[in-house]
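Structure below is protein-v6.tsv: TSV, C-alpha atoms.
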chain	number	residue	atom	x	y	z
A	270	MET	CA	78.87	78.94	109.47
A	271	ALA	CA	82.21	80.39	108.46
A	272	TYR	CA	82.70	81.33	104.82
A	273	ASN	CA	86.24	80.66	103.69
A	274	PHE	CA	88.38	78.22	101.73
A	275	LEU	CA	88.18	75.59	104.50
A	276	SER	CA	84.38	75.67	104.67
A	277	LEU	CA	84.02	75.45	100.88
A	278	VAL	CA	86.37	72.47	100.70
A	279	ASN	CA	84.39	70.82	103.50
A	280	ASP	CA	81.09	71.52	101.69
A	281	VAL	CA	82.43	69.55	98.73
A	282	ALA	CA	83.95	66.84	100.93
A	283	LEU	CA	80.61	66.35	102.67
A	284	ARG	CA	78.81	65.78	99.37
A	285	ILE	CA	81.26	63.10	98.26
A	286	ASN	CA	81.53	61.39	101.66
A	287	GLU	CA	85.05	62.54	102.50
A	288	THR	CA	86.14	63.40	106.05
A	289	GLN	CA	85.86	67.05	107.07
A	290	LEU	CA	89.12	68.97	107.40
A	291	THR	CA	90.15	71.33	110.19
A	292	SER	CA	92.33	74.41	110.16
A	293	SER	CA	95.17	72.34	111.63
A	294	ASN	CA	95.28	69.66	108.92
A	295	PHE	CA	94.02	71.72	105.97
A	296	SER	CA	97.43	72.50	104.47
A	297	THR	CA	98.79	68.94	104.81
A	298	ALA	CA	95.73	66.90	103.79
A	299	ASN	CA	96.51	64.51	100.95
A	300	GLY	CA	94.53	61.88	99.08
A	301	PHE	CA	91.67	63.51	97.16
A	302	TYR	CA	91.84	66.81	99.05
A	303	PRO	CA	94.27	68.56	96.68
A	304	GLN	CA	91.78	67.83	93.89
A	305	ILE	CA	88.93	69.24	95.99
A	306	LYS	CA	90.92	72.41	96.62
A	307	GLU	CA	91.64	72.74	92.92
A	308	ALA	CA	87.96	72.08	92.17
A	309	VAL	CA	86.93	74.99	94.43
A	310	ASN	CA	89.44	77.33	92.80
A	311	SER	CA	88.39	76.16	89.33
A	312	SER	CA	84.79	76.95	90.21
A	313	LEU	CA	85.74	80.41	91.46
A	314	ARG	CA	87.74	81.12	88.31
A	315	HIS	CA	84.84	79.98	86.15
A	316	VAL	CA	82.35	82.27	87.91
A	317	ASN	CA	84.68	85.27	87.84
A	318	GLN	CA	85.33	84.78	84.13
A	319	ALA	CA	81.63	84.37	83.34
A	320	HIS	CA	81.06	88.12	83.57
A	321	PHE	CA	83.61	90.88	83.17
A	322	PHE	CA	82.09	93.37	85.58
A	323	TRP	CA	80.86	91.49	88.63
A	324	PRO	CA	80.16	94.28	91.16
A	325	TYR	CA	81.91	92.40	93.98
A	326	ASN	CA	85.19	92.63	92.04
A	327	HIS	CA	85.00	96.43	91.84
A	328	ASN	CA	87.76	98.36	93.62
A	329	THR	CA	88.82	101.96	94.12
A	330	GLU	CA	92.53	102.74	94.07
A	331	GLU	CA	94.36	105.78	95.42
A	332	GLN	CA	97.72	106.92	94.08
A	333	THR	CA	99.94	109.60	95.59
A	334	LEU	CA	101.78	111.31	92.76
A	335	GLU	CA	105.42	112.31	92.91
A	336	ALA	CA	106.71	115.65	91.71
A	337	GLY	CA	108.51	115.15	88.41
A	338	THR	CA	107.09	111.65	87.77
A	339	SER	CA	104.60	111.21	84.92
A	340	ARG	CA	104.14	107.41	84.64
A	341	TYR	CA	102.61	105.10	87.25
A	342	ALA	CA	101.90	101.38	87.38
A	343	LEU	CA	98.35	100.03	87.50
A	344	PRO	CA	97.46	97.38	90.12
A	345	ASP	CA	98.80	93.92	89.30
A	346	ASN	CA	95.34	92.39	89.78
A	347	ALA	CA	93.53	94.90	87.55
A	348	LYS	CA	91.41	93.19	84.90
A	349	TYR	CA	89.75	96.38	83.62
A	350	VAL	CA	90.57	99.96	84.58
A	351	ASP	CA	87.89	102.62	84.11
A	352	PHE	CA	89.88	105.52	82.70
A	353	GLY	CA	86.75	107.65	82.81
A	354	SER	CA	86.85	107.48	86.62
A	355	PHE	CA	90.23	109.13	87.22
A	356	ARG	CA	90.00	112.20	89.42
A	357	VAL	CA	92.28	114.41	91.47
A	358	LYS	CA	91.21	114.74	95.09
A	359	ARG	CA	90.57	118.05	96.80
A	360	ASP	CA	93.61	119.38	98.65
A	361	THR	CA	93.54	123.04	99.58
A	362	ASP	CA	97.18	122.88	100.74
A	363	LEU	CA	98.14	122.07	97.13
A	364	ASN	CA	95.76	124.62	95.58
A	365	VAL	CA	93.25	121.96	94.51
A	366	GLY	CA	90.07	123.69	95.63
A	367	GLN	CA	87.75	120.89	94.59
A	368	GLY	CA	87.94	117.35	93.28
A	369	LYS	CA	88.01	117.20	89.51
A	370	LYS	CA	87.68	114.46	86.91
A	371	LEU	CA	90.67	114.00	84.63
A	372	GLN	CA	90.03	114.02	80.90
A	373	GLN	CA	91.45	111.09	78.99
A	374	LEU	CA	93.92	111.58	76.16
A	375	THR	CA	94.92	108.91	73.68
A	376	TYR	CA	98.49	107.69	73.77
A	377	ALA	CA	98.99	109.10	70.26
A	378	GLU	CA	97.83	112.55	71.43
A	379	TYR	CA	100.20	112.35	74.36
A	380	LEU	CA	103.15	111.46	72.13
A	381	ASP	CA	102.30	114.26	69.69
A	382	ILE	CA	101.78	117.04	72.23
A	383	TYR	CA	103.07	116.25	75.71
A	384	ILE	CA	105.90	113.70	75.43
A	385	ASP	CA	108.56	116.31	76.25
A	386	GLN	CA	107.38	116.41	79.88
A	387	GLU	CA	109.07	113.03	80.40
A	388	TYR	CA	112.44	114.65	79.72
A	389	GLU	CA	111.92	117.56	82.10
A	390	THR	CA	114.44	117.39	84.95
A	391	ASP	CA	113.00	120.27	86.99
A	392	SER	CA	110.42	118.63	89.27
A	393	THR	CA	108.96	122.01	90.22
A	394	LYS	CA	107.63	122.47	86.72
A	395	GLY	CA	104.28	121.03	85.72
A	396	GLY	CA	101.09	121.54	87.68
A	397	VAL	CA	97.76	120.18	88.88
A	398	PRO	CA	96.74	117.07	86.88
A	399	ARG	CA	94.28	117.69	84.04
A	400	ASN	CA	94.55	114.58	81.89
A	401	VAL	CA	95.22	110.87	82.12
A	402	VAL	CA	96.63	108.60	79.40
A	403	ARG	CA	96.36	104.82	79.03
A	404	THR	CA	99.72	103.41	77.94
A	405	PRO	CA	100.12	100.25	75.82
A	406	ASP	CA	101.37	98.42	78.92
A	407	GLN	CA	100.02	98.35	82.49
A	408	GLU	CA	100.69	102.01	83.26
A	409	PHE	CA	99.01	105.38	83.17
A	410	ILE	CA	100.43	108.83	82.53
A	411	ILE	CA	99.44	112.08	84.21
A	412	VAL	CA	99.38	115.39	82.26
A	413	PRO	CA	100.79	117.82	83.10
A	414	GLN	CA	103.69	116.29	84.97
A	415	PRO	CA	102.81	116.76	88.66
A	416	ASN	CA	104.81	119.28	90.65
A	417	ALA	CA	103.55	118.11	94.04
A	418	ALA	CA	102.15	115.05	95.85
A	419	TYR	CA	98.61	115.23	94.47
A	420	GLU	CA	96.19	112.42	95.31
A	421	ILE	CA	94.64	110.56	92.38
A	422	GLU	CA	91.71	108.18	92.72
A	423	TYR	CA	90.29	105.76	90.14
A	424	GLU	CA	88.18	102.63	89.86
A	425	TYR	CA	88.88	99.22	88.41
A	426	TYR	CA	87.69	95.62	88.32
A	427	MET	CA	90.11	93.10	89.72
A	428	GLU	CA	90.99	89.56	88.76
A	429	PRO	CA	90.80	87.61	92.05
A	430	VAL	CA	93.67	85.31	92.99
A	431	ASP	CA	93.28	81.63	93.86
A	432	LEU	CA	92.55	80.73	97.47
A	433	GLU	CA	95.44	79.10	99.35
A	434	LEU	CA	95.06	79.40	103.13
A	435	SER	CA	92.18	77.85	105.05
A	436	THR	CA	91.06	81.34	106.13
A	437	ASP	CA	91.10	82.88	102.62
A	438	ILE	CA	87.70	84.33	101.68
A	439	PRO	CA	86.41	84.54	98.08
A	440	THR	CA	85.34	87.87	96.64
A	441	ILE	CA	82.05	86.19	95.60
A	442	PRO	CA	79.44	86.94	98.32
A	443	ASP	CA	78.46	84.23	100.79
A	444	GLN	CA	74.90	84.13	99.42
A	445	PHE	CA	76.29	82.42	96.32
A	446	ARG	CA	78.38	79.77	98.07
A	447	HIS	CA	76.02	77.11	96.72
A	448	VAL	CA	76.97	78.16	93.18
A	449	ILE	CA	80.65	77.81	94.03
A	450	VAL	CA	80.04	74.37	95.53
A	451	ASP	CA	77.98	73.21	92.53
A	452	GLY	CA	80.84	74.26	90.27
A	453	ALA	CA	83.39	72.54	92.49
A	454	MET	CA	81.28	69.37	92.40
A	455	TYR	CA	81.40	69.45	88.61
A	456	TYR	CA	85.20	69.58	88.64
A	457	ALA	CA	85.45	67.02	91.43
A	458	TYR	CA	83.30	64.56	89.51
A	459	MET	CA	85.37	65.20	86.39
A	460	PHE	CA	88.50	64.35	88.39
A	461	ARG	CA	86.80	61.07	89.33
A	462	ASP	CA	85.60	60.39	85.76
A	463	ASN	CA	81.97	60.39	86.89
A	464	ILE	CA	80.60	62.01	83.76
A	465	GLU	CA	76.93	61.54	84.60
A	466	MET	CA	77.17	63.33	87.96
A	467	ALA	CA	79.52	65.91	86.44
A	468	ASN	CA	76.89	66.80	83.83
A	469	LEU	CA	74.20	67.16	86.49
A	470	SER	CA	76.45	69.42	88.58
A	471	GLN	CA	77.41	71.46	85.54
A	472	SER	CA	73.74	72.15	84.76
A	473	LYS	CA	73.10	73.36	88.33
A	474	PHE	CA	76.31	75.41	88.18
A	475	GLU	CA	75.40	77.22	84.96
A	476	ASN	CA	71.88	77.91	86.21
A	477	GLY	CA	73.37	79.36	89.37
A	478	ILE	CA	75.58	81.71	87.35
A	479	LYS	CA	72.52	82.84	85.37
A	480	GLN	CA	70.78	83.64	88.65
A	481	MET	CA	73.80	85.63	89.77
A	482	ARG	CA	73.62	87.66	86.56
A	483	THR	CA	69.94	88.36	87.18
A	484	LEU	CA	70.54	89.51	90.74
A	485	LEU	CA	73.83	91.36	90.34
A	486	VAL	CA	74.15	92.54	86.75
A	487	ASN	CA	70.80	93.12	85.06
A	488	GLU	CA	69.75	96.75	85.21
A	489	ASN	CA	66.49	98.51	84.49
A	490	ALA	CA	66.58	101.63	82.39
A	491	TYR	CA	64.65	104.59	83.81
A	492	PHE	CA	63.65	107.79	82.07
A	493	ARG	CA	63.51	110.98	84.04
A	494	ALA	CA	62.29	114.45	83.20
A	495	PHE	CA	64.70	117.37	83.13
Let's see the structure in the file written out as structure tokens.
Amino acid sequence: MAYNFLSLVNDVALRINETQLTSSNFSTANGFYPQIKEAVNSSLRHVNQAHFFWPYNHNTEEQTLEAGTSRYALPDNAKYVDFGSFRVKRDTDLNVGQGKKLQQLTYAEYLDIYIDQEYETDSTKGGVPRNVVRTPDQEFIIVPQPNAAYEIEYEYYMEPVDLELSTDIPTIPDQFRHVIVDGAMYYAYMFRDNIEMANLSQSKFENGIKQMRTLLVNENAYFRAF
């Protein structure tokens, strides 16, 4: 069975005895269907907010630097950026013999020591990146100012967007679709003021999220000899 917005909406519709939708009438369906769609998205938001570092929301970003440019925007959907993961990629053409992790500086350190690089007009000055700085807004700064198109790579956890099209696929793996549907049932019953069934669905939903934590998040600590 397909796993997308259409199939999730139909899973909920089936449970509450509503007619199944198709890809052709999905966007125009009225009646209770807008509430079902919102219920699915509400369930997805709830799950994604239940744990900050769900592994399925982990992403790796690549950024090509520009000579003479120090500041760069972070992804719009970034919820948490791991500044300990920034590294410059190997590029022998640019005299980067091996990939190297960038050391993080505080913004205060940057302002005290390196701020003048932002006023440098000669783009040939600077060098291979050594440090990265988290700014107070959604940007990062590279030190020294790059003098060539170096490739930077880093990791972050994203905040998924709501589903809209019938073919949109959640970031949550298919194996947990039942959790999404249980959550959507809770919201659907709340829309219908069926508090008793809403409470039952909420209990199943929360238990499902706990199971997801057990399977995806819990880690065992191992000791190893050196």
Report the closest atom pair, with its distance in Å rounded to one decimal, for each residue of range 355-433 of chain A that has an atom no farther than 9 Å from range 326-347 of chain A; count all atoms listed in the file, sort by chain and then rising residue number, and write it as a Markdown table.
| residue | atom | partner | partner_atom | distance |
| --- | --- | --- | --- | --- |
| A:Gln386 | CA | A:Ser339 | CA | 7.8 |
| A:Glu387 | CA | A:Ser339 | CA | 6.6 |
| A:Glu389 | CA | A:Gly337 | CA | 7.6 |
| A:Thr390 | CA | A:Gly337 | CA | 7.2 |
| A:Asp391 | CA | A:Gly337 | CA | 7.0 |
| A:Ser392 | CA | A:Gly337 | CA | 4.1 |
| A:Thr393 | CA | A:Ala336 | CA | 6.9 |
| A:Lys394 | CA | A:Gly337 | CA | 7.6 |
| A:Gly395 | CA | A:Gly337 | CA | 7.7 |
| A:Thr404 | CA | A:Arg340 | CA | 9.0 |
| A:Asp406 | CA | A:Ala342 | CA | 9.0 |
| A:Gln407 | CA | A:Leu343 | CA | 5.5 |
| A:Glu408 | CA | A:Ala342 | CA | 4.3 |
| A:Phe409 | CA | A:Tyr341 | CA | 5.4 |
| A:Ile410 | CA | A:Arg340 | CA | 4.5 |
| A:Ile411 | CA | A:Ser339 | CA | 5.3 |
| A:Val412 | CA | A:Ser339 | CA | 7.2 |
| A:Pro413 | CA | A:Ser339 | CA | 7.8 |
| A:Gln414 | CA | A:Ser339 | CA | 5.2 |
| A:Pro415 | CA | A:Ala336 | CA | 5.1 |
| A:Asn416 | CA | A:Ala336 | CA | 4.2 |
| A:Ala417 | CA | A:Ala336 | CA | 4.6 |
| A:Ala418 | CA | A:Leu334 | CA | 4.9 |
| A:Tyr419 | CA | A:Leu334 | CA | 5.3 |
| A:Glu420 | CA | A:Thr333 | CA | 4.7 |
| A:Ile421 | CA | A:Gln332 | CA | 5.1 |
| A:Glu422 | CA | A:Glu331 | CA | 4.5 |
| A:Tyr423 | CA | A:Glu330 | CA | 5.4 |
| A:Glu424 | CA | A:Thr329 | CA | 4.4 |
| A:Tyr425 | CA | A:Asn328 | CA | 5.4 |
| A:Tyr426 | CA | A:His327 | CA | 4.5 |
| A:Met427 | CA | A:Ala347 | CA | 4.4 |
| A:Glu428 | CA | A:Asn346 | CA | 5.3 |
| A:Pro429 | CA | A:Asn346 | CA | 7.0 |
| A:Val430 | CA | A:Asn346 | CA | 8.0 |
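With CA of Arg356 in chain A on one side and CA of Val397 in chain A on the other, the separation reads 11.1 Å.
With only C-alpha atoms as the atoms that count, the minimum distance from Arg482 in chain A to the choices A:Leu432, A:Ala298, A:Ile438, A:Val316 is reached by A:Val316.
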The distance between CA of Phe321 in chain A and CA of Gly368 in chain A is 28.7 Å
Given only C-alpha atoms as the counted atoms, nearest of A:Leu313, A:Met466, A:Leu374, A:Val357 to Arg403 in chain A:
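For Arg403 in chain A, the nearest of the given residues is A:Leu374.
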Rows by chain and residue number, range 390-458 of chain A within 9 Å of range 277-293 of chain A, shortest pair, all atoms listed in the file, as a Markdown table:
| residue | atom | partner | partner_atom | distance |
| --- | --- | --- | --- | --- |
| A:Ser435 | CA | A:Ser292 | CA | 6.2 |
| A:Thr436 | CA | A:Ser292 | CA | 8.1 |
| A:Arg446 | CA | A:Leu277 | CA | 7.6 |
| A:Ile449 | CA | A:Leu277 | CA | 8.0 |
| A:Val450 | CA | A:Val281 | CA | 6.3 |
| A:Asp451 | CA | A:Val281 | CA | 8.5 |
| A:Ala453 | CA | A:Val281 | CA | 7.0 |
| A:Met454 | CA | A:Val281 | CA | 6.4 |
| A:Ala457 | CA | A:Val281 | CA | 8.3 |
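Going from CA of Gly452 in chain A to CA of His315 in chain A covers 8.1 Å.
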When you count only C-alpha atoms, which of these residues is closest to Gln304 in chain A: A:Leu469, A:Met459, A:Ile464, A:Leu485?
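Nearest to Gln304 in chain A: A:Met459.
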